[in-house]
$ cat entry.cif   # mmCIF, C-alpha atoms
data_target
loop_
_atom_site.label_atom_id
_atom_site.label_comp_id
_atom_site.auth_asym_id
_atom_site.auth_seq_id
_atom_site.Cartn_x
_atom_site.Cartn_y
_atom_site.Cartn_z
CA MET S 1 103.58 70.57 -50.90
CA MET S 2 101.56 73.37 -49.46
CA GLY S 3 98.98 72.84 -52.10
CA GLY S 4 98.91 69.10 -51.43
CA ARG S 5 98.28 69.64 -47.72
CA ARG S 6 95.37 71.97 -48.46
CA ASP S 7 93.64 69.40 -50.72
CA GLY S 8 93.73 66.58 -48.12
CA PRO S 9 91.09 67.91 -45.66
CA LEU S 10 88.68 68.77 -48.40
CA MET S 11 88.76 65.25 -49.72
CA ARG S 12 88.21 63.88 -46.23
CA ASN S 13 85.17 66.12 -45.67
CA THR S 14 83.62 65.01 -48.93
CA SER S 15 84.11 61.35 -48.04
CA GLN S 16 82.56 61.75 -44.57
CA GLN S 17 79.50 63.51 -46.04
CA SER S 18 78.98 60.61 -48.45
CA VAL S 19 79.06 58.12 -45.61
CA VAL S 20 76.51 60.14 -43.63
CA LYS S 21 74.19 60.37 -46.62
CA SER S 22 74.49 56.62 -47.20
CA THR S 23 73.66 55.94 -43.57
CA ILE S 24 70.61 58.17 -43.67
CA LEU S 25 69.42 56.60 -46.90
CA THR S 26 69.92 53.14 -45.42
CA ALA S 27 67.96 54.08 -42.29
CA ILE S 28 65.15 55.52 -44.40
CA ALA S 29 65.07 52.33 -46.49
CA ILE S 30 64.97 50.19 -43.39
CA GLY S 31 62.21 52.35 -41.92
CA VAL S 32 60.17 52.16 -45.08
CA SER S 33 60.65 48.39 -45.20
CA LEU S 34 59.59 47.98 -41.58
CA GLY S 35 56.62 50.23 -42.24
CA CYS S 36 55.57 48.03 -45.12
CA VAL S 37 55.93 44.92 -42.98
CA PHE S 38 53.87 46.39 -40.12
CA ALA S 39 51.34 47.74 -42.59
CA PHE S 40 50.96 44.23 -43.97
CA LEU S 41 50.79 42.54 -40.57
CA TYR S 42 48.67 45.17 -38.82
CA PRO S 43 46.50 46.81 -41.48
CA HIS S 44 44.41 48.55 -38.77
CA GLY S 45 47.39 49.79 -36.91
CA PHE S 46 49.51 48.22 -34.17
CA LEU S 47 47.88 50.04 -31.24
CA SER S 48 44.32 49.60 -32.54
CA SER S 49 44.99 45.84 -32.84
CA SER S 50 46.09 45.68 -29.21
CA VAL S 51 43.03 47.63 -28.09
CA HIS S 52 40.83 45.39 -30.21
CA ALA S 53 42.36 42.29 -28.67
CA PHE S 54 41.80 43.71 -25.18
CA HIS S 55 38.19 44.50 -25.90
CA SER S 56 37.75 41.07 -27.48
CA ARG S 57 39.11 39.34 -24.40
CA ARG S 58 36.92 41.52 -22.11
CA THR S 59 33.84 40.75 -24.20
CA GLN S 60 34.62 37.03 -24.03
CA VAL S 61 34.93 37.21 -20.24
CA LEU S 62 31.64 39.10 -19.87
CA SER S 63 29.95 36.71 -22.29
CA ALA S 64 31.27 33.75 -20.33
CA LYS S 65 29.90 35.27 -17.11
CA CYS S 66 26.46 35.80 -18.67
CA GLU S 67 26.48 32.32 -20.10
CA SER S 68 27.47 30.91 -16.70
CA SER S 69 24.64 32.81 -15.00
CA GLU S 70 22.12 31.64 -17.57
CA ARG S 71 23.41 28.07 -17.31
CA LEU S 72 23.15 28.23 -13.54
CA ASN S 73 19.50 29.29 -13.78
CA GLU S 74 18.88 26.51 -16.28
CA LEU S 75 20.48 23.98 -13.94
CA LYS S 76 18.36 25.25 -11.03
CA THR S 77 15.21 24.85 -13.12
CA GLU S 78 16.26 21.39 -14.26
CA TYR S 79 16.97 20.43 -10.62
CA ALA S 80 13.52 21.63 -9.48
CA VAL S 81 11.81 19.70 -12.29
CA ALA S 82 13.88 16.60 -11.55
CA SER S 83 13.05 16.86 -7.83
CA GLN S 84 9.32 17.05 -8.60
CA GLU S 85 9.55 14.13 -11.00
CA ASN S 86 11.52 12.18 -8.41
CA ALA S 87 8.84 12.82 -5.75
CA GLU S 88 6.14 11.68 -8.17
CA LEU S 89 8.13 8.57 -9.02
CA ARG S 90 8.61 7.78 -5.33
CA GLN S 91 4.85 8.07 -4.82
CA GLN S 92 4.22 5.82 -7.81
CA VAL S 93 6.71 3.29 -6.49
CA LYS S 94 4.99 3.38 -3.10
CA GLU S 95 1.57 2.82 -4.67
CA LEU S 96 2.85 0.05 -6.95
CA THR S 97 4.61 -1.62 -4.01
CA GLU S 98 1.36 -1.57 -2.04
CA LYS S 99 -0.56 -3.01 -4.99
CA LEU S 100 2.08 -5.69 -5.46
CA ARG S 101 1.96 -6.59 -1.77
CA LEU S 102 -1.81 -6.90 -1.84
CA ALA S 103 -1.63 -8.88 -5.07
CA GLU S 104 0.86 -11.26 -3.48
CA GLN S 105 -1.39 -11.60 -0.44
CA GLY S 106 -4.32 -12.28 -2.73
CA LYS S 107 -2.26 -14.80 -4.66
CA ASP S 108 -1.22 -16.48 -1.41
CA HIS S 109 -4.86 -16.56 -0.30
CA ALA S 110 -5.96 -17.97 -3.65
CA GLU S 111 -3.27 -20.66 -3.46
CA LYS S 112 -4.45 -21.63 -0.01
CA GLN S 113 -8.02 -21.80 -1.24
CA ILE S 114 -6.98 -23.93 -4.21
CA GLU S 115 -4.89 -26.12 -1.96
CA ALA S 116 -7.81 -26.60 0.42
CA LEU S 117 -10.38 -27.11 -2.32
CA GLY S 118 -8.08 -28.83 -4.79
CA LYS S 119 -7.67 -31.95 -2.67
CA ARG S 120 -10.24 -34.39 -3.83
CA HIS S 121 -12.30 -36.03 -1.12
CA LYS S 122 -15.13 -38.44 -1.00
CA ALA S 123 -18.31 -36.83 0.24
CA GLY S 124 -19.17 -37.75 3.81
CA PRO S 125 -22.55 -38.92 5.11
CA PHE S 126 -25.61 -36.81 4.40
CA GLY S 127 -25.66 -33.59 6.41
CA THR S 128 -21.98 -33.71 7.41
CA VAL S 129 -20.40 -31.93 4.43
CA LYS S 130 -19.41 -28.30 4.94
CA GLY S 131 -17.57 -25.92 2.66
CA LEU S 132 -14.76 -23.53 3.51
CA ARG S 133 -16.34 -20.41 5.01
CA THR S 134 -13.72 -18.78 7.25
CA ASN S 135 -11.04 -16.98 5.25
CA PRO S 136 -7.46 -16.75 6.57
CA THR S 137 -6.29 -13.41 7.91
CA VAL S 138 -3.68 -11.27 6.15
CA ILE S 139 -0.07 -11.04 7.23
CA PRO S 140 0.18 -7.93 9.48
CA ASP S 141 2.14 -5.08 7.91
CA GLU S 142 3.31 -2.59 10.54
CA SER S 143 4.95 -0.39 7.91
CA VAL S 144 1.49 0.81 6.85
CA ASN S 145 1.21 2.99 9.95
CA PRO S 146 3.88 2.48 12.65
CA ARG S 147 2.32 5.06 14.99
CA LEU S 148 -1.11 3.45 14.89
CA SER S 149 0.50 0.03 15.26
CA LYS S 150 2.05 1.05 18.59
CA ILE S 151 -1.27 2.42 19.83
CA LEU S 152 -3.09 -0.78 18.92
CA GLU S 153 -0.49 -2.90 20.70
CA ASN S 154 -1.49 -1.15 23.93
CA VAL S 155 -5.26 -0.95 23.34
CA ALA S 156 -6.32 -4.14 21.55
CA VAL S 157 -7.11 -7.40 23.34
CA ARG S 158 -6.42 -10.57 21.33
CA ARG S 159 -5.89 -8.31 18.30
CA GLU S 160 -9.44 -6.92 18.28
CA LEU S 161 -11.04 -3.69 19.48
CA ILE S 162 -14.01 -1.34 19.18
CA VAL S 163 -13.38 1.67 16.93
CA ALA S 164 -15.51 4.81 16.56
CA LEU S 165 -15.01 7.94 14.44
CA ALA S 166 -16.07 11.23 16.00
CA ASN S 167 -15.89 14.98 15.52
CA TRP S 168 -17.03 17.82 17.78
CA ASN S 169 -20.57 17.70 16.37
CA VAL S 170 -21.27 14.43 18.24
CA LYS S 171 -19.44 15.29 21.46
CA ASP S 172 -22.47 14.78 23.77
CA SER S 173 -23.42 11.42 22.25
CA LEU S 174 -19.77 10.35 22.37
CA GLU S 175 -19.69 11.03 26.09
CA VAL S 176 -22.69 8.76 26.72
CA TRP S 177 -21.07 6.19 24.40
CA PHE S 178 -17.71 5.92 26.18
CA THR S 179 -19.30 6.23 29.62
CA SER S 180 -21.37 3.12 28.89
CA ILE S 181 -18.25 1.28 27.65
CA LYS S 182 -16.37 2.15 30.82
CA ARG S 183 -19.33 1.10 32.95
CA VAL S 184 -19.35 -2.37 31.37
CA GLY S 185 -15.58 -2.63 31.77
CA ILE S 186 -14.55 -2.99 28.12
CA PRO S 187 -10.83 -2.14 27.88
CA ASN S 188 -10.24 -2.47 24.14
CA TYR S 189 -11.80 0.54 22.44
CA LEU S 190 -10.46 3.53 20.55
CA VAL S 191 -11.83 6.84 19.27
CA VAL S 192 -10.52 8.08 15.93
CA ALA S 193 -10.64 11.85 16.45
CA LEU S 194 -11.50 13.84 13.33
CA ASP S 195 -10.64 17.20 14.86
CA ASP S 196 -8.37 18.56 17.59
CA ASN S 197 -11.20 19.47 19.95
CA ILE S 198 -12.54 15.93 20.15
CA ALA S 199 -9.00 14.60 20.61
CA GLU S 200 -8.47 16.91 23.59
CA PHE S 201 -11.91 16.00 24.95
CA CYS S 202 -11.07 12.29 24.87
CA GLU S 203 -7.67 12.82 26.47
CA SER S 204 -9.21 14.87 29.28
CA ASN S 205 -11.65 11.99 29.96
CA ASP S 206 -8.99 9.26 29.86
CA VAL S 207 -10.41 7.81 26.64
CA PRO S 208 -8.00 6.08 24.21
CA VAL S 209 -7.80 8.31 21.15
CA TYR S 210 -5.99 8.35 17.84
CA LYS S 211 -5.62 11.52 15.78
CA ARG S 212 -4.78 10.69 12.20
CA ASP S 213 -2.03 12.41 10.26
CA ALA S 214 -3.14 15.31 8.10
CA ASP S 215 -5.18 14.19 5.10
CA GLU S 216 -7.06 16.91 3.23
CA GLY S 217 -9.58 14.47 1.77
CA VAL S 218 -10.48 13.14 5.22
CA ASP S 219 -9.97 16.26 7.34
CA SER S 220 -12.33 18.50 5.38
CA ILE S 221 -15.19 16.04 5.87
CA GLY S 222 -14.19 15.03 9.36
CA LYS S 223 -14.25 18.55 10.75
CA THR S 224 -17.44 19.89 9.18
CA GLY S 225 -19.22 16.93 7.57
CA THR S 226 -22.70 15.67 8.34
CA ASN S 227 -23.31 12.37 10.13
CA HIS S 228 -23.69 10.53 6.82
CA ALA S 229 -20.54 12.13 5.38
CA VAL S 230 -18.51 11.24 8.47
CA SER S 231 -19.99 7.74 8.43
CA GLY S 232 -18.65 7.23 4.93
CA LEU S 233 -15.09 7.99 6.08
CA LYS S 234 -14.87 4.85 8.17
CA PHE S 235 -14.35 2.62 5.15
CA ARG S 236 -11.15 4.50 4.32
CA VAL S 237 -9.95 4.75 7.91
CA LEU S 238 -10.57 1.10 8.83
CA ARG S 239 -8.35 -0.21 6.05
CA GLU S 240 -5.16 0.51 8.00
CA PHE S 241 -6.48 -1.36 11.04
CA LEU S 242 -7.08 -4.45 8.94
CA GLN S 243 -3.73 -4.16 7.17
CA LEU S 244 -2.09 -4.12 10.60
CA GLY S 245 -3.82 -7.43 11.31
CA TYR S 246 -6.53 -6.30 13.76
CA SER S 247 -10.20 -7.23 13.79
CA VAL S 248 -12.43 -4.21 14.33
CA LEU S 249 -15.88 -3.85 15.84
CA LEU S 250 -16.90 -0.64 14.10
CA SER S 251 -19.30 1.42 16.18
CA ASP S 252 -21.30 4.59 15.64
CA VAL S 253 -21.47 6.81 18.73
CA ASP S 254 -25.28 6.70 19.07
CA ILE S 255 -24.93 3.32 20.78
CA VAL S 256 -25.29 2.35 24.44
CA TYR S 257 -23.24 -0.65 25.61
CA LEU S 258 -24.85 -2.88 28.22
CA GLN S 259 -22.60 -5.95 27.92
CA ASN S 260 -19.22 -6.78 26.40
CA PRO S 261 -19.92 -7.52 22.72
CA PHE S 262 -16.75 -9.60 22.30
CA ASN S 263 -18.37 -12.30 24.42
CA TYR S 264 -21.13 -12.73 21.80
CA LEU S 265 -19.28 -12.73 18.48
CA GLN S 266 -18.97 -15.87 16.33
CA ARG S 267 -15.87 -14.78 14.34
CA ASP S 268 -16.54 -17.26 11.53
CA SER S 269 -17.13 -14.73 8.73
CA ASP S 270 -15.43 -11.81 7.05
CA VAL S 271 -18.22 -9.49 8.20
CA GLU S 272 -20.57 -9.97 11.15
CA SER S 273 -23.15 -7.19 11.29
CA MET S 274 -26.21 -6.04 13.18
CA THR S 275 -29.39 -5.77 11.16
CA ASP S 276 -31.97 -3.09 10.54
CA GLY S 277 -34.58 -5.85 10.58
CA HIS S 278 -37.11 -5.99 13.43
CA ASP S 279 -38.18 -9.65 13.44
CA ASN S 280 -37.00 -13.09 12.28
CA PHE S 281 -38.19 -12.55 8.71
CA THR S 282 -36.80 -9.10 8.10
CA ALA S 283 -33.57 -9.76 10.01
CA TYR S 284 -32.66 -13.17 8.63
CA GLY S 285 -34.43 -13.31 5.28
CA TYR S 286 -37.71 -14.58 3.84
CA ASP S 287 -39.48 -15.62 0.66
CA ASP S 288 -41.41 -12.62 -0.60
CA VAL S 289 -43.98 -13.57 -3.24
CA PHE S 290 -44.60 -10.98 -5.94
CA ASP S 291 -48.07 -11.10 -7.49
CA GLU S 292 -48.59 -10.07 -11.12
CA PRO S 293 -52.17 -11.08 -12.11
CA ALA S 294 -51.62 -10.24 -15.81
CA MET S 295 -49.29 -13.24 -16.04
CA GLY S 296 -52.19 -15.65 -15.39
CA TRP S 297 -50.92 -19.06 -14.32
CA ALA S 298 -47.44 -17.62 -13.66
CA ARG S 299 -48.71 -14.64 -11.70
CA TYR S 300 -46.67 -15.47 -8.57
CA ALA S 301 -42.93 -14.83 -8.57
CA HIS S 302 -40.85 -15.73 -5.55
CA THR S 303 -38.19 -13.29 -4.37
CA MET S 304 -35.69 -13.47 -1.54
CA ARG S 305 -35.77 -10.52 0.83
CA ILE S 306 -33.62 -9.45 3.76
CA TRP S 307 -33.40 -6.10 5.49
CA VAL S 308 -30.06 -4.37 5.21
CA TYR S 309 -27.08 -4.71 7.48
CA ASN S 310 -26.39 -1.64 9.58
CA SER S 311 -23.14 -0.01 8.51
CA GLY S 312 -22.89 1.68 11.92
CA PHE S 313 -22.15 -1.51 13.84
CA PHE S 314 -20.31 -4.48 12.37
CA TYR S 315 -17.39 -6.74 13.17
CA ILE S 316 -14.85 -7.09 10.36
CA ARG S 317 -11.90 -9.48 10.28
CA PRO S 318 -8.54 -8.71 8.60
CA THR S 319 -9.05 -10.84 5.50
CA ILE S 320 -8.59 -10.16 1.80
CA PRO S 321 -12.37 -10.14 1.07
CA ALA S 322 -12.93 -7.76 4.00
CA ILE S 323 -10.29 -5.33 2.75
CA GLU S 324 -11.71 -5.63 -0.75
CA LEU S 325 -15.12 -4.70 0.67
CA LEU S 326 -13.69 -1.54 2.26
CA ASP S 327 -11.96 -0.63 -1.01
CA ARG S 328 -15.12 -1.20 -3.04
CA VAL S 329 -17.31 0.89 -0.75
CA ALA S 330 -14.75 3.71 -0.35
CA GLY S 331 -14.20 3.77 -4.11
CA ARG S 332 -17.89 4.01 -4.92
CA LEU S 333 -18.51 6.70 -2.32
CA ALA S 334 -15.67 8.74 -3.86
CA ARG S 335 -17.14 8.32 -7.35
CA GLU S 336 -20.76 8.69 -6.23
CA PRO S 337 -20.74 11.42 -3.55
CA LYS S 338 -24.53 11.46 -3.25
CA SER S 339 -24.68 7.76 -2.39
CA TRP S 340 -25.60 6.57 1.10
CA ASP S 341 -22.78 4.55 2.62
CA GLN S 342 -25.14 1.95 4.13
CA ALA S 343 -26.79 1.26 0.78
CA VAL S 344 -23.43 0.87 -0.96
CA PHE S 345 -22.14 -1.32 1.90
CA ASN S 346 -25.03 -3.75 1.45
CA GLU S 347 -24.96 -3.75 -2.34
CA GLU S 348 -21.29 -4.70 -2.35
CA LEU S 349 -21.89 -7.42 0.25
CA PHE S 350 -24.95 -9.04 -1.33
CA PHE S 351 -25.06 -8.44 -5.09
CA PRO S 352 -23.98 -11.65 -6.88
CA SER S 353 -21.67 -11.89 -9.85
CA HIS S 354 -23.41 -11.39 -13.16
CA PRO S 355 -22.52 -10.29 -16.71
CA GLY S 356 -20.39 -7.17 -16.43
CA TYR S 357 -20.04 -7.37 -12.65
CA GLU S 358 -17.93 -9.50 -10.34
CA GLY S 359 -19.48 -9.87 -6.93
CA LEU S 360 -17.58 -9.87 -3.65
CA HIS S 361 -16.70 -13.35 -2.38
CA ALA S 362 -17.05 -12.57 1.32
CA ALA S 363 -18.61 -14.60 4.11
CA ARG S 364 -21.19 -12.72 6.20
CA ARG S 365 -23.24 -13.32 9.34
CA THR S 366 -26.25 -11.51 10.78
CA MET S 367 -26.10 -10.77 14.51
CA ASP S 368 -28.91 -11.70 16.89
CA PHE S 369 -31.28 -8.72 16.62
CA TYR S 370 -32.43 -9.04 20.25
CA LEU S 371 -28.85 -8.90 21.56
CA PHE S 372 -27.54 -6.34 19.07
CA MET S 373 -30.73 -4.30 19.06
CA ASN S 374 -31.76 -1.39 16.86
CA SER S 375 -34.07 1.29 18.23
CA LYS S 376 -37.05 0.18 16.12
CA VAL S 377 -37.02 -3.19 17.87
CA LEU S 378 -36.72 -1.48 21.24
CA PHE S 379 -39.43 1.17 20.92
CA LYS S 380 -41.89 -0.65 18.70
CA THR S 381 -41.71 -4.13 20.27
CA VAL S 382 -39.49 -4.77 23.28
CA ARG S 383 -40.61 -1.99 25.64
CA LYS S 384 -44.24 -3.09 25.19
CA ASN S 385 -43.55 -6.76 25.95
CA ALA S 386 -42.98 -7.71 29.59
CA ARG S 387 -40.99 -10.84 28.71
CA LEU S 388 -38.79 -9.22 26.06
CA SER S 389 -38.15 -6.14 28.20
CA LYS S 390 -36.42 -8.39 30.74
CA ILE S 391 -33.82 -9.44 28.17
CA LYS S 392 -30.61 -7.51 28.59
CA PRO S 393 -29.23 -6.57 25.16
CA VAL S 394 -25.52 -6.36 24.45
CA ILE S 395 -25.92 -2.98 22.78
CA ILE S 396 -28.75 -0.71 21.69
CA HIS S 397 -28.26 1.37 18.58
CA LEU S 398 -30.43 4.51 18.31
CA ASN S 399 -30.30 4.36 14.53
CA TYR S 400 -34.00 4.70 13.76
CA HIS S 401 -34.62 7.96 15.62
CA PRO S 402 -33.35 11.55 15.23
CA ASN S 403 -33.50 12.60 18.92
CA LYS S 404 -30.64 10.26 19.69
CA LEU S 405 -29.14 11.86 22.80
CA GLU S 406 -32.44 11.96 24.72
CA ARG S 407 -33.22 8.35 23.84
CA MET S 408 -29.68 7.21 24.70
CA LYS S 409 -30.07 8.71 28.18
CA ALA S 410 -33.48 7.04 28.52
CA VAL S 411 -31.94 3.67 27.62
CA VAL S 412 -29.37 4.14 30.38
CA GLU S 413 -32.17 5.02 32.83
CA PHE S 414 -34.18 1.92 31.84
CA TYR S 415 -31.47 -0.75 31.68
CA VAL S 416 -28.83 0.59 34.06
CA ASN S 417 -30.71 2.59 36.68
CA GLY S 418 -33.84 0.40 36.61
CA ASN S 419 -36.37 3.14 35.82
CA GLN S 420 -39.18 1.10 34.21
CA HIS S 421 -40.93 4.22 32.95
CA ALA S 422 -37.93 5.82 31.28
CA LEU S 423 -38.94 4.75 27.74
CA GLU S 424 -42.65 5.50 27.93
CA ALA S 425 -42.56 9.16 26.91
CA PHE S 426 -41.20 8.46 23.41
CA PRO S 427 -43.30 7.62 20.35
CA ASP S 428 -42.59 4.48 18.34
CA GLY S 429 -41.25 6.51 15.44
CA SER S 430 -39.77 9.94 15.08
CA GLY S 431 -43.00 11.85 15.74
CA TRP S 432 -43.08 13.49 12.29
#
$ encode --input "entry.cif" --output "structure tokens"
Amino acid sequence: MMGGRRDGPLMRNTSQQSVVKSTILTAIAIGVSLGCVFAFLYPHGFLSSSVHAFHSRRTQVLSAKCESSERLNELKTEYAVASQENAELRQQVKELTEKLRLAEQGKDHAEKQIEALGKRHKAGPFGTVKGLRTNPTVIPDESVNPRLSKILENVAVRRELIVALANWNVKDSLEVWFTSIKRVGIPNYLVVALDDNIAEFCESNDVPVYKRDADEGVDSIGKTGTNHAVSGLKFRVLREFLQLGYSVLLSDVDIVYLQNPFNYLQRDSDVESMTDGHDNFTAYGYDDVFDEPAMGWARYAHTMRIWVYNSGFFYIRPTIPAIELLDRVAGRLAREPKSWDQAVFNEELFFPSHPGYEGLHAARRTMDFYLFMNSKVLFKTVRKNARLSKIKPVIIHLNYHPNKLERMKAVVEFYVNGNQHALEAFPDGSGW
């Protein structure tokens, strides 16, 4: 019995130790198994994988930020390029719209011409048949220059006015010019100021003035250009006046007004101009016979001659041929900067169509050279003739002489103040 009781505890201790060993072995096996699983799933280690994932996500975020910044810069560049292209397209649309409008006007004009000429008529009695010579005016387009349009509404009379271009270089002559206009009582005149000083000068003397919007091509010449350079600008500037539907009496500033010129215009042509001619032949045209003795029987060749129109004083109506004339002259002066505007003006008016060249189909009229008088007529002929010196011209243009201001003042003394000796001190020509 005693022996049996002693054996019991020993057996129990042995059994408990076996259970503990089994538990430990099981735990070790489980640990090893889990280690193998983690080793397979995370070959670089569990913590290193988490760190790697963190760094990967951080790198992706930074990369996304860089890409966003670069994309933003790209978008800004694309926007700037698109804006520039859009501005260029708008300008092209504007130019094409203007060309289309003019083309439609030209088409309308052509249709009217065809309609007028297309009707077949029997010829009337001898000496009674006359062709179409007065072209219709364009449809006014105020959108061309709304600011100028408002000015012209207040200045023009019956949609016509005198226009002169001036910069500070001709300030003294301009003063004599507008003083003579005021003296006669002409209300419809306007100075296109080519610099700020002349604009302020006109305003201070209560002279209607228009200062154009900034235009580098015009402003650079207008502010510092010579008389000939400034004179050439008028063909560009006048276009807007005609597009707005106004007839313009273009005037240089070396002109003295003695009567209202609008009372002496015929208004039946596209261009009505004073002449540089000094008598009936040179002013209105003549048959000039060219002699070439070597040709024998055919030695004499007849030519038609006329002295040029003066591009410093002409009346131009708002017609398609008149606008085409301005475009032709302005275009040539831009391409041929050494050309003289008066020569180009006359070539475009008079040269006929021929192979390789299409002439301008414009009606023209020469003004009476005793009423619209150049200074050659005055100093070479009129002042020496008692009968002619009693004729009161409409205007006198000091175009033939360089000392313009002195001669302009002498003209005022002679015709306005009645000083019969005022013109005697000057030579016929320039004196050199």
$ residues_around --input "entry.cif" --residues "Gly331 (chain S)" --least-positions-apart "3" --cutoff "12 Å" --atoms "only C-alpha atoms" --output "list in words"
Gly232, Leu233, Phe235, Arg236, Glu324, Leu325, Leu326, Asp327, Arg328, Ala334, Arg335, Glu336, Pro337, Ser339, Asp341, Val344, Phe345 and Glu348 of chain S
$ resolve_selection --input "entry.cif" --expression "the PyMOL selection byres ((chain S and resi 265-278) around 8)" --output "VMD selection string"
chain S and resid 133 to 135 261 to 264 279 to 284 306 to 311 313 to 319 321 to 322 362 to 369 372 to 374 376 to 377
$ resolve_selection --input "entry.cif" --expression "the PyMOL selection byres ((chain S and resi 410-425) around 9)" --output "ChimeraX atom specification"
/S:176,180,256,258,379,383,392,396,405-409,426-427
$ resolve_selection --input "entry.cif" --expression "the PyMOL selection byres ((chain S and resi 160) around 9)" --output "CSV table (one decimal) with C-alpha atoms, in the coordinates of the input"
chain,number,residue,atom,x,y,z
S,152,LEU,CA,-3.1,-0.8,18.9
S,155,VAL,CA,-5.3,-1.0,23.3
S,156,ALA,CA,-6.3,-4.1,21.6
S,157,VAL,CA,-7.1,-7.4,23.3
S,158,ARG,CA,-6.4,-10.6,21.3
S,159,ARG,CA,-5.9,-8.3,18.3
S,161,LEU,CA,-11.0,-3.7,19.5
S,162,ILE,CA,-14.0,-1.3,19.2
S,188,ASN,CA,-10.2,-2.5,24.1
S,189,TYR,CA,-11.8,0.5,22.4
S,245,GLY,CA,-3.8,-7.4,11.3
S,246,TYR,CA,-6.5,-6.3,13.8
S,247,SER,CA,-10.2,-7.2,13.8
S,248,VAL,CA,-12.4,-4.2,14.3
S,249,LEU,CA,-15.9,-3.8,15.8
S,262,PHE,CA,-16.8,-9.6,22.3
S,317,ARG,CA,-11.9,-9.5,10.3
$ atom_distance --input "entry.cif" --atom1 "CA of Arg387 (chain S)" --atom2 "CA of Ser375 (chain S)"
17.5 Å
$ residues_around --input "entry.cif" --residues "Ile151 (chain S)" --least-positions-apart "5" --cutoff "9 Å" --atoms "all atoms listed in the file" --output "mmCIF file with C-alpha atoms, keeping the file's coordinate frame"
data_model
loop_
_atom_site.group_PDB
_atom_site.id
_atom_site.type_symbol
_atom_site.label_atom_id
_atom_site.label_comp_id
_atom_site.auth_asym_id
_atom_site.auth_seq_id
_atom_site.Cartn_x
_atom_site.Cartn_y
_atom_site.Cartn_z
ATOM 1 C CA PRO S 146 3.880 2.480 12.650
ATOM 2 C CA ALA S 156 -6.320 -4.140 21.550
ATOM 3 C CA PRO S 208 -8.000 6.080 24.210
ATOM 4 C CA VAL S 209 -7.800 8.310 21.150
ATOM 5 C CA TYR S 210 -5.990 8.350 17.840
#
$ atom_distance --input "entry.cif" --atom1 "CA of Arg212 (chain S)" --atom2 "CA of Val192 (chain S)"
7.3 Å
$ atom_distance --input "entry.cif" --atom1 "CA of Trp297 (chain S)" --atom2 "CA of Pro352 (chain S)"
28.9 Å
$ closest_residue --input "entry.cif" --among "S:Asn403, S:Ile320, S:Asp252, S:Val170" --to "Pro136 (chain S)" --atoms "only C-alpha atoms"
S:Ile320
$ closest_residue --input "entry.cif" --among "S:Ile186, S:Val382, S:Ala166, S:Met295" --to "Ala199 (chain S)" --atoms "all atoms listed in the file"
S:Ala166
$ closest_residue --input "entry.cif" --among "S:Pro125, S:Asp206, S:Phe290, S:Val237" --to "Thr303 (chain S)" --atoms "all atoms listed in the file"
S:Phe290
$ decode --input "entry.cif" --residues "region 367-374 of chain S" --atoms "N, CA, C and O atoms" --output "PDB file, in the first residue's frame"
ATOM      1  N   MET S 367      -9.422 120.990-113.027  1.00  0.00           N
ATOM      2  CA  MET S 367      -9.997 122.247-112.548  1.00  0.00           C
ATOM      3  C   MET S 367      -9.526 123.423-113.400  1.00  0.00           C
ATOM      4  O   MET S 367      -8.470 123.372-114.038  1.00  0.00           O
ATOM      5  N   ASP S 368     -10.296 124.481-113.379  1.00  0.00           N
ATOM      6  CA  ASP S 368      -9.943 125.729-114.055  1.00  0.00           C
ATOM      7  C   ASP S 368      -8.648 126.268-113.436  1.00  0.00           C
ATOM      8  O   ASP S 368      -8.597 126.558-112.239  1.00  0.00           O
ATOM      9  N   PHE S 369      -7.595 126.400-114.250  1.00  0.00           N
ATOM     10  CA  PHE S 369      -6.293 126.770-113.671  1.00  0.00           C
ATOM     11  C   PHE S 369      -6.188 128.241-113.288  1.00  0.00           C
ATOM     12  O   PHE S 369      -5.240 128.639-112.610  1.00  0.00           O
ATOM     13  N   TYR S 370      -7.169 129.069-113.711  1.00  0.00           N
ATOM     14  CA  TYR S 370      -7.174 130.462-113.253  1.00  0.00           C
ATOM     15  C   TYR S 370      -7.923 130.612-111.926  1.00  0.00           C
ATOM     16  O   TYR S 370      -7.672 131.558-111.175  1.00  0.00           O
ATOM     17  N   LEU S 371      -8.851 129.687-111.650  1.00  0.00           N
ATOM     18  CA  LEU S 371      -9.574 129.726-110.379  1.00  0.00           C
ATOM     19  C   LEU S 371      -8.821 128.940-109.303  1.00  0.00           C
ATOM     20  O   LEU S 371      -8.703 129.404-108.164  1.00  0.00           O
ATOM     21  N   PHE S 372      -8.344 127.764-109.687  1.00  0.00           N
ATOM     22  CA  PHE S 372      -7.532 126.950-108.766  1.00  0.00           C
ATOM     23  C   PHE S 372      -6.087 127.074-109.257  1.00  0.00           C
ATOM     24  O   PHE S 372      -5.593 126.251-110.015  1.00  0.00           O
ATOM     25  N   MET S 373      -5.433 128.131-108.815  1.00  0.00           N
ATOM     26  CA  MET S 373      -4.199 128.628-109.434  1.00  0.00           C
ATOM     27  C   MET S 373      -2.938 128.122-108.724  1.00  0.00           C
ATOM     28  O   MET S 373      -2.837 128.151-107.493  1.00  0.00           O
ATOM     29  N   ASN S 374      -1.977 127.663-109.536  1.00  0.00           N
ATOM     30  CA  ASN S 374      -0.674 127.325-108.972  1.00  0.00           C
ATOM     31  C   ASN S 374       0.221 128.558-109.001  1.00  0.00           C
ATOM     32  O   ASN S 374      -0.066 129.544-109.683  1.00  0.00           O
TER      33      ASN S 374
END
